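For reference, start-v5.cif is printed below; it contains mmCIF, C-alpha atoms (C1' of nucleotides) and all ligand atoms.
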```
data_upload
#
loop_
_atom_site.label_atom_id
_atom_site.label_comp_id
_atom_site.auth_asym_id
_atom_site.auth_seq_id
_atom_site.Cartn_x
_atom_site.Cartn_y
_atom_site.Cartn_z
CA MET A 1 134.45 71.55 192.86
CA SER A 2 132.47 74.39 191.45
CA TYR A 3 128.79 73.70 191.18
CA ASN A 4 126.99 76.64 189.73
CA LYS A 5 123.57 75.56 188.67
CA GLY A 6 120.21 76.33 190.09
CA GLU A 7 119.30 78.64 187.29
CA MET A 8 115.58 78.18 186.65
CA PHE A 9 116.12 78.22 182.85
CA SER A 10 118.87 76.59 180.84
CA LYS A 11 121.26 78.90 179.02
CA THR A 12 119.73 77.67 175.79
CA CYS A 13 116.32 78.72 177.05
CA LYS A 14 117.55 82.16 178.05
CA TYR A 15 118.88 82.67 174.53
CA ALA A 16 115.55 81.47 173.16
CA ILE A 17 113.52 83.89 175.25
CA ASN A 18 115.67 86.87 174.36
CA ALA A 19 115.63 85.86 170.69
CA MET A 20 111.83 85.67 170.68
CA ILE A 21 111.63 89.09 172.26
CA TYR A 22 113.85 90.51 169.55
CA VAL A 23 111.93 89.05 166.61
CA PRO A 24 109.59 91.78 165.35
CA GLY A 25 106.04 91.64 166.56
CA SER A 26 104.34 90.68 163.37
CA SER A 27 104.10 87.83 160.95
CA SER A 28 103.76 90.12 157.95
CA GLU A 29 106.31 89.83 155.19
CA LYS A 30 107.85 93.14 156.05
CA GLU A 31 108.74 92.58 159.66
CA ARG A 32 111.39 89.96 159.61
CA THR A 33 114.83 89.61 161.06
CA ASN A 34 117.59 87.12 160.50
CA LEU A 35 120.02 84.96 162.40
CA LYS A 36 122.88 87.44 162.21
CA GLU A 37 120.81 90.30 163.60
CA ILE A 38 119.30 88.19 166.33
CA SER A 39 122.55 86.77 167.62
CA LYS A 40 124.11 90.21 167.54
CA ALA A 41 121.18 91.75 169.40
CA ILE A 42 121.15 89.17 172.16
CA VAL A 43 124.93 88.51 172.19
CA SER A 44 124.82 84.81 171.54
CA PRO A 45 126.92 82.49 169.39
CA GLU A 46 125.53 82.52 165.88
CA ALA A 47 125.72 78.83 165.09
CA PHE A 48 124.23 77.85 168.39
CA THR A 49 121.47 80.38 168.07
CA ALA A 50 120.67 78.87 164.68
CA LYS A 51 119.97 75.54 166.37
CA ILE A 52 117.72 77.16 168.92
CA LEU A 53 115.76 79.01 166.27
CA GLN A 54 115.26 75.72 164.45
CA VAL A 55 113.62 74.30 167.54
CA LEU A 56 111.40 77.34 167.90
CA VAL A 57 110.35 76.98 164.26
CA LYS A 58 109.61 73.28 164.76
CA ASN A 59 107.51 74.22 167.77
CA LYS A 60 105.61 76.70 165.62
CA LEU A 61 106.59 79.70 167.67
CA LEU A 62 108.46 81.20 164.73
CA ILE A 63 108.15 81.11 160.96
CA SER A 64 111.32 80.93 158.91
CA VAL A 65 111.95 81.84 155.29
CA LYS A 66 115.12 81.04 153.37
CA GLY A 67 116.86 83.11 150.74
CA PRO A 68 117.61 86.82 150.41
CA HIS A 69 115.51 88.92 152.77
CA GLY A 70 114.48 85.71 154.44
CA GLY A 71 114.73 85.20 158.15
CA PHE A 72 112.43 84.75 161.10
CA SER A 73 109.10 86.19 162.09
CA MET A 74 106.49 85.49 164.72
CA ASN A 75 103.98 82.78 164.09
CA GLY A 76 100.82 84.46 165.28
CA ASP A 77 99.91 87.35 167.51
CA PRO A 78 102.76 87.96 169.97
CA SER A 79 100.29 89.15 172.58
CA LYS A 80 98.97 85.60 172.54
CA ILE A 81 102.33 83.85 172.71
CA PHE A 82 103.38 83.20 176.28
CA LEU A 83 106.68 82.80 178.03
CA SER A 84 105.68 79.35 179.19
CA TRP A 85 105.49 78.17 175.57
CA ILE A 86 109.11 79.05 174.98
CA VAL A 87 110.27 77.45 178.22
CA ASP A 88 108.30 74.34 177.43
CA ALA A 89 109.68 74.16 173.86
CA ILE A 90 113.29 74.39 174.99
CA ASP A 91 113.54 73.12 178.57
CA GLY A 92 110.55 70.81 178.56
CA ASP A 93 108.06 70.61 181.38
CA MET A 94 110.28 69.66 184.33
CA LEU A 95 110.02 73.16 185.74
CA PHE A 96 106.22 72.86 185.67
CA THR A 97 105.78 69.26 186.76
CA GLY A 98 109.05 67.90 188.16
CA CYS A 99 109.88 67.25 191.80
CA ALA A 100 112.12 69.87 193.38
CA LEU A 101 114.13 67.24 195.20
CA GLY A 102 114.45 64.78 192.35
CA LEU A 103 111.78 62.18 193.09
CA LYS A 104 110.75 60.37 189.93
CA LYS A 105 107.33 61.96 190.05
CA CYS A 106 105.95 64.94 191.93
CA ALA A 107 102.81 63.58 193.52
CA GLU A 108 100.60 64.45 196.48
CA GLU A 109 100.46 60.80 197.49
CA HIS A 110 104.23 60.50 197.66
CA PRO A 111 105.57 64.00 198.27
CA CYS A 112 109.16 64.97 198.89
CA ALA A 113 110.19 66.95 201.95
CA VAL A 114 109.53 70.32 200.36
CA HIS A 115 106.55 69.45 198.19
CA TYR A 116 103.95 71.69 199.79
CA LYS A 117 106.17 74.68 200.22
CA PHE A 118 107.55 74.24 196.75
CA LYS A 119 104.16 73.77 195.18
CA ALA A 120 103.11 77.29 196.09
CA ILE A 121 106.20 78.73 194.50
CA ARG A 122 105.80 76.63 191.41
CA GLU A 123 102.24 77.83 191.04
CA HIS A 124 103.38 81.39 191.42
CA LEU A 125 106.07 80.82 188.81
CA THR A 126 103.93 78.97 186.30
CA GLY A 127 101.19 81.56 186.71
CA MET A 128 103.67 84.20 185.77
CA LEU A 129 105.03 82.23 182.81
CA HIS A 130 101.56 81.50 181.50
CA SER A 131 100.43 85.10 181.79
CA THR A 132 103.49 86.90 180.46
CA SER A 133 103.19 87.44 176.73
CA LEU A 134 105.84 88.31 174.22
CA THR A 135 104.39 91.79 173.80
CA ASP A 136 104.59 92.33 177.56
CA MET A 137 108.30 91.71 177.32
CA ALA A 138 109.04 93.22 173.92
CA ASP A 139 107.28 96.49 174.82
CA ARG A 140 109.57 96.97 177.80
CA VAL A 141 112.60 96.48 175.59
CA ASN A 142 111.29 98.72 172.81
CA ASN A 143 110.53 101.44 175.34
CA GLY A 144 114.06 101.23 176.70
CA ILE A 145 112.84 100.04 180.09
CA SER A 146 114.41 96.60 179.81
CA PHE A 147 117.43 95.20 178.00
CA LEU A 148 118.36 92.16 175.96
CA LYS A 149 122.09 92.15 176.62
CA HIS A 150 124.82 92.74 179.22
CA MET B 1 117.81 67.80 170.48
CA SER B 2 116.68 67.10 174.00
CA TYR B 3 117.06 70.02 176.31
CA ASN B 4 115.81 69.06 179.72
CA LYS B 5 116.98 71.57 182.25
CA GLY B 6 115.13 74.23 184.12
CA GLU B 7 115.28 72.42 187.38
CA MET B 8 115.68 75.01 190.12
CA PHE B 9 118.36 72.92 191.89
CA SER B 10 121.19 70.92 190.36
CA LYS B 11 121.06 67.17 190.77
CA THR B 12 124.02 67.46 193.11
CA CYS B 13 122.07 69.91 195.23
CA LYS B 14 119.05 67.62 195.37
CA TYR B 15 121.26 64.83 196.67
CA ALA B 16 122.73 67.22 199.20
CA ILE B 17 119.35 68.30 200.53
CA ASN B 18 118.07 64.76 200.87
CA ALA B 19 121.33 63.69 202.52
CA MET B 20 121.10 66.49 205.07
CA ILE B 21 117.53 65.50 205.86
CA TYR B 22 118.63 61.95 206.48
CA VAL B 23 121.53 62.78 208.81
CA PRO B 24 120.24 62.42 212.38
CA GLY B 25 119.16 65.57 214.08
CA SER B 26 121.89 65.91 216.61
CA SER B 27 125.58 66.51 216.85
CA SER B 28 125.99 64.13 219.80
CA GLU B 29 128.35 61.19 219.50
CA LYS B 30 125.46 58.76 219.41
CA GLU B 31 123.52 60.06 216.50
CA ARG B 32 125.69 59.56 213.54
CA THR B 33 125.29 57.95 210.17
CA ASN B 34 127.73 57.07 207.45
CA LEU B 35 128.18 57.34 203.71
CA LYS B 36 126.85 53.89 202.96
CA GLU B 37 123.64 54.44 204.90
CA ILE B 38 123.08 57.88 203.45
CA SER B 39 123.54 56.90 199.84
CA LYS B 40 121.29 53.90 200.34
CA ALA B 41 118.61 56.00 202.03
CA ILE B 42 118.51 58.64 199.34
CA VAL B 43 119.35 56.34 196.40
CA SER B 44 122.43 58.12 195.19
CA PRO B 45 125.79 56.88 193.89
CA GLU B 46 128.06 56.29 196.85
CA ALA B 47 131.28 57.80 195.50
CA PHE B 48 129.52 60.86 194.23
CA THR B 49 127.66 61.33 197.46
CA ALA B 50 131.00 61.18 199.26
CA LYS B 51 132.13 64.21 197.29
CA ILE B 52 128.98 66.10 198.14
CA LEU B 53 129.31 65.32 201.83
CA GLN B 54 132.87 66.63 201.71
CA VAL B 55 131.55 69.94 200.45
CA LEU B 56 128.92 70.05 203.19
CA VAL B 57 131.60 69.36 205.79
CA LYS B 58 133.81 72.11 204.34
CA ASN B 59 130.85 74.44 204.54
CA LYS B 60 130.38 73.51 208.19
CA LEU B 61 126.92 72.11 207.71
CA LEU B 62 128.08 68.66 208.75
CA ILE B 63 130.73 67.23 211.04
CA SER B 64 132.62 64.15 209.91
CA VAL B 65 134.56 61.60 211.93
CA LYS B 66 136.80 58.93 210.44
CA GLY B 67 137.31 55.40 211.63
CA PRO B 68 135.01 52.69 212.98
CA HIS B 69 131.66 54.13 214.05
CA GLY B 70 132.66 57.31 212.38
CA GLY B 71 130.45 59.08 209.90
CA PHE B 72 128.48 62.27 209.64
CA SER B 73 126.42 64.32 212.04
CA MET B 74 124.83 67.74 212.05
CA ASN B 75 126.96 70.70 212.92
CA GLY B 76 124.62 72.57 215.23
CA ASP B 77 120.91 72.67 215.90
CA PRO B 78 119.04 71.42 212.80
CA SER B 79 116.14 73.70 213.58
CA LYS B 80 118.55 76.54 212.92
CA ILE B 81 120.02 75.17 209.71
CA PHE B 82 118.10 76.36 206.67
CA LEU B 83 117.52 75.00 203.23
CA SER B 84 119.06 78.10 201.71
CA TRP B 85 122.39 77.24 203.35
CA ILE B 86 122.54 73.93 201.55
CA VAL B 87 121.55 75.41 198.22
CA ASP B 88 124.13 78.14 198.63
CA ALA B 89 126.87 75.66 199.59
CA ILE B 90 126.27 73.46 196.55
CA ASP B 91 124.74 75.57 193.79
CA GLY B 92 126.08 78.95 194.82
CA ASP B 93 124.01 82.10 194.88
CA MET B 94 122.88 82.34 191.28
CA LEU B 95 119.37 81.28 192.24
CA PHE B 96 119.26 84.13 194.75
CA THR B 97 121.03 86.86 192.83
CA GLY B 98 121.36 85.90 189.15
CA CYS B 99 119.38 87.28 186.25
CA ALA B 100 116.63 84.98 184.99
CA LEU B 101 117.45 85.77 181.37
CA GLY B 102 121.24 85.60 181.66
CA LEU B 103 122.29 89.24 181.92
CA LYS B 104 125.67 89.53 183.59
CA LYS B 105 124.11 91.15 186.61
CA CYS B 106 120.55 91.36 187.86
CA ALA B 107 120.11 95.06 188.53
CA GLU B 108 117.21 97.49 188.81
CA GLU B 109 119.09 100.00 186.69
CA HIS B 110 119.55 97.55 183.85
CA PRO B 111 116.78 95.00 184.14
CA CYS B 112 116.00 92.20 181.72
CA ALA B 113 112.58 91.79 180.19
CA VAL B 114 111.21 89.73 183.07
CA HIS B 115 113.06 91.34 185.95
CA TYR B 116 110.09 92.70 187.89
CA LYS B 117 107.88 89.71 187.45
CA PHE B 118 110.74 87.40 188.23
CA LYS B 119 111.81 89.37 191.26
CA ALA B 120 108.57 88.63 193.06
CA ILE B 121 108.95 84.93 192.47
CA ARG B 122 112.55 84.97 193.54
CA GLU B 123 111.59 86.71 196.74
CA HIS B 124 108.91 84.15 197.37
CA LEU B 125 111.38 81.36 196.70
CA THR B 126 114.24 82.75 198.76
CA GLY B 127 111.84 83.49 201.59
CA MET B 128 110.86 79.86 201.60
CA LEU B 129 114.45 78.64 201.42
CA HIS B 130 115.52 80.93 204.25
CA SER B 131 112.65 79.91 206.48
CA THR B 132 112.58 76.17 205.91
CA SER B 133 114.77 74.42 208.47
CA LEU B 134 116.15 70.93 208.43
CA THR B 135 113.82 69.90 211.24
CA ASP B 136 110.84 71.16 209.22
CA MET B 137 111.82 68.75 206.50
CA ALA B 138 113.17 65.87 208.58
CA ASP B 139 110.05 65.78 210.76
CA ARG B 140 107.88 65.22 207.73
CA VAL B 141 110.05 62.33 206.64
CA ASN B 142 110.27 60.81 210.11
CA ASN B 143 106.50 61.04 210.45
CA GLY B 144 106.04 59.23 207.16
CA ILE B 145 104.42 62.27 205.56
CA SER B 146 107.23 62.88 203.09
CA PHE B 147 109.77 60.68 201.35
CA LEU B 148 113.45 60.72 200.48
CA LYS B 149 113.37 58.39 197.51
CA HIS B 150 111.44 57.27 194.40
"C1'" DA C 1 151.29 47.43 217.46
"C1'" DT C 2 148.08 45.59 214.19
"C1'" DA C 3 144.05 45.12 211.72
"C1'" DA C 4 139.67 46.93 210.58
"C1'" DT C 5 136.70 50.75 209.45
"C1'" DT C 6 135.45 55.02 207.65
"C1'" DA C 7 136.11 59.75 205.45
"C1'" DA C 8 139.36 62.69 202.37
"C1'" DG C 9 140.96 63.52 198.20
"C1'" DG C 10 143.41 62.92 193.59
"C1'" DA C 11 142.81 61.10 189.10
"C1'" DT C 12 140.00 59.64 185.62
"C1'" DA C 13 135.65 58.48 183.02
"C1'" DT C 14 130.99 59.29 181.30
"C1'" DT C 15 127.13 62.05 180.13
"C1'" DT C 16 124.92 66.28 179.16
"C1'" DT C 17 125.06 70.89 177.70
"C1'" DT C 18 126.88 74.22 175.01
"C1'" DG C 19 129.15 75.56 170.93
"C1'" DT C 20 131.38 75.18 165.97
"C1'" DC C 21 131.98 73.89 161.15
"C1'" DC C 22 130.58 72.73 156.86
"C1'" DT C 23 127.41 71.14 153.28
"C1'" DT C 24 122.71 71.23 151.43
"C1'" DA C 25 118.27 73.27 150.38
"C1'" DA C 26 115.31 77.07 149.40
"C1'" DT C 27 114.52 81.59 147.79
"C1'" DT C 28 115.50 85.92 145.47
"C1'" DA C 29 117.65 89.17 142.32
"C1'" DA C 30 120.09 90.16 138.27
"C1'" DT D 1 120.11 80.60 134.45
"C1'" DT D 2 123.40 82.06 137.46
"C1'" DA D 3 124.96 84.03 141.52
"C1'" DA D 4 123.94 85.59 146.00
"C1'" DT D 5 121.69 85.07 150.37
"C1'" DT D 6 119.68 82.84 154.09
"C1'" DA D 7 117.91 78.81 156.99
"C1'" DA D 8 118.29 73.53 157.77
"C1'" DG D 9 120.73 70.05 159.38
"C1'" DG D 10 124.54 66.57 160.03
"C1'" DA D 11 128.91 65.84 162.12
"C1'" DC D 12 132.04 67.16 165.28
"C1'" DA D 13 134.34 69.71 169.41
"C1'" DA D 14 134.67 71.84 173.92
"C1'" DA D 15 133.08 72.63 178.44
"C1'" DA D 16 130.52 71.53 182.43
"C1'" DA D 17 128.09 68.32 185.33
"C1'" DT D 18 127.75 63.86 187.02
"C1'" DA D 19 129.95 59.62 188.38
"C1'" DT D 20 133.68 56.02 189.47
"C1'" DC D 21 138.09 54.21 191.13
"C1'" DC D 22 141.82 53.96 193.96
"C1'" DT D 23 145.11 55.49 197.45
"C1'" DT D 24 145.82 57.97 201.80
"C1'" DA D 25 144.71 59.55 206.39
"C1'" DA D 26 142.37 59.23 210.72
"C1'" DT D 27 140.19 56.64 214.23
"C1'" DT D 28 138.82 52.53 216.81
"C1'" DA D 29 138.98 47.87 218.58
"C1'" DT D 30 141.73 43.89 219.45
S1 LIG A 201 107.15 65.64 195.31
FE1 LIG A 201 108.84 66.97 195.35
S2 LIG A 201 107.97 68.80 194.68
FE2 LIG A 201 106.26 67.49 194.66
S1 LIG A 202 117.85 91.65 185.48
FE1 LIG A 202 117.05 89.75 184.86
S2 LIG A 202 116.14 89.07 186.69
FE2 LIG A 202 116.89 90.97 187.31
#
```
Since I need it in another form, could you write the structure as structure tokens?
Amino acid sequence: MSYNKGEMFSKTCKYAINAMIYVPGSSSEKERTNLKEISKAIVSPEAFTAKILQVLVKNKLLISVKGPHGGFSMNGDPSKIFLSWIVDAIDGDMLFTGCALGLKKCAEEHPCAVHYKFKAIREHLTGMLHSTSLTDMADRVNNGISFLKH
Amino acid sequence: MSYNKGEMFSKTCKYAINAMIYVPGSSSEKERTNLKEISKAIVSPEAFTAKILQVLVKNKLLISVKGPHGGFSMNGDPSKIFLSWIVDAIDGDMLFTGCALGLKKCAEEHPCAVHYKFKAIREHLTGMLHSTSLTDMADRVNNGISFLKH
DNA sequence: ATAATTAAGGATATTTTTGTCCTTAATTAA
DNA sequence: TTAATTAAGGACAAAAATATCCTTAATTAT
């Protein structure tokens, strides 16, 4: 038996976050990247990354354009796009609203054994996800402070 | 597409935690419960729960005895058994040491784009897991404050 | 000793997540 | 208008997590 979960974000979601960080910080025609560049930059399987980008486009986090020089660009100001939006688009809201111990609903009136202790952590986490913008993250990478791969 | 992870603990781990809470708080011969009672109490599939209990026994969190009136009991003082031990036994240490965005290693010298923000949350979380004992949790359930199922 | 009870553990099955392949649609350039 | 390029999307495949079944081993009571 080799259980190895407990990972906060799904692998799919991790790819999605790194992909979003890599997409240039503008929705102008000029600043656009494509699937090949993205999957290379974040070291992810190309075909799988394509599926993830589709979801991000459907969720209006990215804009896609087909054809030569097509590709992906941000939909809106990246300083106003938050990490929580990506997590929600890919992993759904379980991280924000689910019970840590698997009860059907997380509720004050019927709390699990770690509800109160967990609640504080969840608030800390969701606060961070709601307040961290794409520019926050992309700047670190562009300045060579943080990294997208390895 | 329906991605629905981002759950902090694996389902297996959630079962394990609730099972540990249900096992009576003593390693004496008298206070012992068995697979059937546990899986009923926490609403989990019996055969699968058996596998999980095996892992907990191998990790010395539980003691098992075969035969009539056999079953499972705590290995040691439950006020000195911590939530983090269960998580580590079942899900491994990725939650404690892994990179939030999937880099091979979480390291200050090569941080991902959310490393510093994530680090604080991880410390908060691991602090909680290391300081929450089985009695902390079991007391709440025994006092009717918290619940193991639904 | 024998039968009954309970956990251990191997084998297998199902479901979910992750990943690939290939065809179609849209756009651009020549 | 034709060819080239790029994303969309359906179908399929592989891997991992979750779950079941059945046989064996250990213990207890009769
Ligand atoms: S009920 Fe479990 S975290 Fe709220
Ligand atoms: S490097 Fe990603 S969390 Fe530390």
Select, from A:Leu56, A:Val65, A:Cys112, A:Cys13, the residue with the minimum atom-to-atom distance to C:DT27, counting all atoms listed in the file. A:Val65
Hey, which residues come within 6 Å of ligand LIG 201 (chain A) if we count all atoms listed in the file? Could you give them as a list in words? Cys99, Ala100, Leu101, Cys106, Ala107, Pro111, Cys112, His115 and Phe118 of chain A
Output C-alpha atoms of each residue in that selection to a file, as a PDB file, in the frame of the given file.
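Contents of the output file result-v8.pdb:
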```
ATOM      1  CA  CYS A  99     109.880  67.250 191.800  1.00  0.00           C
ATOM      2  CA  ALA A 100     112.120  69.870 193.380  1.00  0.00           C
ATOM      3  CA  LEU A 101     114.130  67.240 195.200  1.00  0.00           C
ATOM      4  CA  CYS A 106     105.950  64.940 191.930  1.00  0.00           C
ATOM      5  CA  ALA A 107     102.810  63.580 193.520  1.00  0.00           C
ATOM      6  CA  PRO A 111     105.570  64.000 198.270  1.00  0.00           C
ATOM      7  CA  CYS A 112     109.160  64.970 198.890  1.00  0.00           C
ATOM      8  CA  HIS A 115     106.550  69.450 198.190  1.00  0.00           C
ATOM      9  CA  PHE A 118     107.550  74.240 196.750  1.00  0.00           C
TER      10      PHE A 118
END
```
Using all atoms listed in the file, determine which residues of chain B fall within 10 Å of chain D; present them as a PDB file with C-alpha atoms, in the frame of the given file.
```pdb
ATOM      1  CA  SER B  10     121.190  70.920 190.360  1.00  0.00           C
ATOM      2  CA  LYS B  11     121.060  67.170 190.770  1.00  0.00           C
ATOM      3  CA  THR B  12     124.020  67.460 193.110  1.00  0.00           C
ATOM      4  CA  PRO B  45     125.790  56.880 193.890  1.00  0.00           C
ATOM      5  CA  GLU B  46     128.060  56.290 196.850  1.00  0.00           C
ATOM      6  CA  ALA B  47     131.280  57.800 195.500  1.00  0.00           C
ATOM      7  CA  PHE B  48     129.520  60.860 194.230  1.00  0.00           C
ATOM      8  CA  THR B  49     127.660  61.330 197.460  1.00  0.00           C
ATOM      9  CA  VAL B  65     134.560  61.600 211.930  1.00  0.00           C
ATOM     10  CA  LYS B  66     136.800  58.930 210.440  1.00  0.00           C
ATOM     11  CA  GLY B  67     137.310  55.400 211.630  1.00  0.00           C
ATOM     12  CA  PRO B  68     135.010  52.690 212.980  1.00  0.00           C
ATOM     13  CA  HIS B  69     131.660  54.130 214.050  1.00  0.00           C
ATOM     14  CA  GLY B  70     132.660  57.310 212.380  1.00  0.00           C
TER      15      GLY B  70
END
```
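Separating atom CA of B:Gly71 from atom CA of B:Ile21 is a distance of 15.0 Å.
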Given 10 Å and only C-alpha atoms (C1' of nucleotides) and all ligand atoms, residues near ligand LIG 202 (chain A) as a ChimeraX atom specification: /A:146-150 /B:96-120,122
Over all C-alpha pairs taken in sequence order, what does chain B look like after a least-squares fit onto chain A? Please give it as a compact mmCIF listing (two decimals) with C-alpha atoms, keeping the file's coordinate frame.
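Wrote result_18.txt, looks like this:
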```
# COMPACT_ATOMS: atom_id res chain seq x y z
CA MET B 1 134.56 71.73 192.99
CA SER B 2 132.50 74.49 191.49
CA TYR B 3 128.86 73.69 191.23
CA ASN B 4 127.05 76.64 189.75
CA LYS B 5 123.62 75.59 188.65
CA GLY B 6 120.24 76.32 190.07
CA GLU B 7 119.29 78.66 187.33
CA MET B 8 115.58 78.22 186.67
CA PHE B 9 116.11 78.23 182.87
CA SER B 10 118.89 76.60 180.87
CA LYS B 11 121.26 78.90 179.05
CA THR B 12 119.73 77.69 175.81
CA CYS B 13 116.32 78.71 177.07
CA LYS B 14 117.55 82.16 178.06
CA TYR B 15 118.86 82.67 174.54
CA ALA B 16 115.55 81.48 173.17
CA ILE B 17 113.52 83.91 175.26
CA ASN B 18 115.68 86.88 174.37
CA ALA B 19 115.63 85.87 170.69
CA MET B 20 111.84 85.68 170.68
CA ILE B 21 111.64 89.11 172.27
CA TYR B 22 113.85 90.52 169.56
CA VAL B 23 111.94 89.06 166.61
CA PRO B 24 109.59 91.78 165.34
CA GLY B 25 106.05 91.62 166.55
CA SER B 26 104.33 90.63 163.38
CA SER B 27 104.10 87.79 160.95
CA SER B 28 103.80 90.11 157.94
CA GLU B 29 106.34 89.87 155.15
CA LYS B 30 107.85 93.20 156.12
CA GLU B 31 108.74 92.57 159.69
CA ARG B 32 111.37 89.96 159.62
CA THR B 33 114.81 89.59 161.07
CA ASN B 34 117.57 87.10 160.51
CA LEU B 35 120.02 84.95 162.42
CA LYS B 36 122.87 87.41 162.21
CA GLU B 37 120.81 90.28 163.60
CA ILE B 38 119.30 88.17 166.35
CA SER B 39 122.55 86.74 167.62
CA LYS B 40 124.12 90.19 167.55
CA ALA B 41 121.18 91.73 169.41
CA ILE B 42 121.15 89.17 172.17
CA VAL B 43 124.92 88.48 172.21
CA SER B 44 124.79 84.78 171.55
CA PRO B 45 126.92 82.47 169.39
CA GLU B 46 125.51 82.50 165.88
CA ALA B 47 125.69 78.79 165.08
CA PHE B 48 124.21 77.82 168.39
CA THR B 49 121.45 80.35 168.08
CA ALA B 50 120.65 78.87 164.68
CA LYS B 51 119.96 75.54 166.36
CA ILE B 52 117.71 77.15 168.92
CA LEU B 53 115.74 79.00 166.27
CA GLN B 54 115.25 75.71 164.45
CA VAL B 55 113.63 74.30 167.56
CA LEU B 56 111.38 77.35 167.90
CA VAL B 57 110.34 76.98 164.27
CA LYS B 58 109.61 73.27 164.78
CA ASN B 59 107.51 74.22 167.77
CA LYS B 60 105.59 76.70 165.63
CA LEU B 61 106.58 79.70 167.67
CA LEU B 62 108.44 81.20 164.73
CA ILE B 63 108.13 81.11 160.96
CA SER B 64 111.30 80.92 158.90
CA VAL B 65 111.92 81.82 155.28
CA LYS B 66 115.08 80.99 153.36
CA GLY B 67 116.82 83.06 150.75
CA PRO B 68 117.59 86.76 150.37
CA HIS B 69 115.49 88.86 152.75
CA GLY B 70 114.48 85.68 154.42
CA GLY B 71 114.71 85.18 158.14
CA PHE B 72 112.42 84.75 161.09
CA SER B 73 109.09 86.20 162.09
CA MET B 74 106.48 85.50 164.72
CA ASN B 75 103.98 82.78 164.08
CA GLY B 76 100.81 84.48 165.25
CA ASP B 77 99.90 87.37 167.49
CA PRO B 78 102.75 87.98 169.98
CA SER B 79 100.30 89.17 172.57
CA LYS B 80 98.97 85.63 172.55
CA ILE B 81 102.32 83.87 172.71
CA PHE B 82 103.39 83.23 176.29
CA LEU B 83 106.68 82.82 178.02
CA SER B 84 105.68 79.37 179.19
CA TRP B 85 105.49 78.20 175.57
CA ILE B 86 109.11 79.07 174.99
CA VAL B 87 110.27 77.47 178.22
CA ASP B 88 108.29 74.35 177.42
CA ALA B 89 109.67 74.17 173.86
CA ILE B 90 113.29 74.41 175.00
CA ASP B 91 113.54 73.12 178.56
CA GLY B 92 110.55 70.81 178.57
CA ASP B 93 108.06 70.62 181.39
CA MET B 94 110.27 69.67 184.31
CA LEU B 95 110.01 73.17 185.73
CA PHE B 96 106.22 72.85 185.67
CA THR B 97 105.78 69.25 186.75
CA GLY B 98 109.05 67.88 188.16
CA CYS B 99 109.88 67.24 191.78
CA ALA B 100 112.12 69.87 193.37
CA LEU B 101 114.15 67.22 195.19
CA GLY B 102 114.45 64.75 192.32
CA LEU B 103 111.78 62.16 193.07
CA LYS B 104 110.75 60.35 189.92
CA LYS B 105 107.34 61.95 190.03
CA CYS B 106 105.97 64.93 191.89
CA ALA B 107 102.82 63.56 193.48
CA GLU B 108 100.60 64.44 196.43
CA GLU B 109 100.47 60.80 197.44
CA HIS B 110 104.23 60.51 197.62
CA PRO B 111 105.57 63.99 198.24
CA CYS B 112 109.17 64.96 198.88
CA ALA B 113 110.18 66.92 201.94
CA VAL B 114 109.52 70.31 200.34
CA HIS B 115 106.56 69.42 198.16
CA TYR B 116 103.95 71.68 199.75
CA LYS B 117 106.16 74.66 200.19
CA PHE B 118 107.56 74.22 196.72
CA LYS B 119 104.16 73.76 195.16
CA ALA B 120 103.11 77.28 196.07
CA ILE B 121 106.20 78.73 194.48
CA ARG B 122 105.79 76.63 191.39
CA GLU B 123 102.23 77.82 191.04
CA HIS B 124 103.36 81.39 191.40
CA LEU B 125 106.06 80.83 188.81
CA THR B 126 103.92 78.98 186.29
CA GLY B 127 101.19 81.56 186.70
CA MET B 128 103.68 84.22 185.74
CA LEU B 129 105.03 82.24 182.80
CA HIS B 130 101.54 81.52 181.49
CA SER B 131 100.44 85.12 181.78
CA THR B 132 103.50 86.92 180.47
CA SER B 133 103.19 87.46 176.72
CA LEU B 134 105.84 88.33 174.22
CA THR B 135 104.40 91.81 173.80
CA ASP B 136 104.60 92.35 177.57
CA MET B 137 108.31 91.72 177.33
CA ALA B 138 109.05 93.24 173.93
CA ASP B 139 107.29 96.50 174.84
CA ARG B 140 109.58 96.98 177.80
CA VAL B 141 112.61 96.50 175.60
CA ASN B 142 111.31 98.72 172.82
CA ASN B 143 110.54 101.44 175.35
CA GLY B 144 114.06 101.26 176.71
CA ILE B 145 112.84 100.05 180.10
CA SER B 146 114.40 96.61 179.81
CA PHE B 147 117.43 95.20 178.03
CA LEU B 148 118.37 92.16 175.98
CA LYS B 149 122.09 92.14 176.66
CA HIS B 150 124.85 92.71 179.25
```
For atom CA of B:Leu134 and atom CA of B:Gly6, determine how far apart the two atoms are, in Å to one decimal place. 24.6 Å
From the options A:Asp91, A:Asp136, A:Asp77, A:Glu123, which residue's atoms come nearest to chain C, counting only C-alpha atoms (C1' of nucleotides)? A:Asp91
With distances taken over only C-alpha atoms (C1' of nucleotides), which residue among B:Ile145, B:Val23, B:Val87, B:Leu53 lies nearest chain C? B:Leu53
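The shortest atom-to-atom distance to chain C, with only C-alpha atoms (C1' of nucleotides) taken into account, belongs to B:Leu35 out of B:Ala19, B:Ala89, B:Met74, B:Leu35.
The set of protein, DNA and RNA residues with any counted atom at most 10 Å from (141.9, 64.4, 197.8) (only C-alpha atoms (C1' of nucleotides)) reads Lys51 of chain B; DA8, DG9, DG10 and DA11 of chain C; DT23 and DT24 of chain D.
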Identify every residue of chain C that has at least one atom within 9 Å of any atom of chain A, counting all atoms listed in the file, and report the result as a PyMOL selection string. chain C and resi 17-21+25-29
Considering only C-alpha atoms, state which residue in the set A:Ser133, A:Asn75, A:Ser64, A:Asn34 is at the smallest distance from chain B. A:Ser133
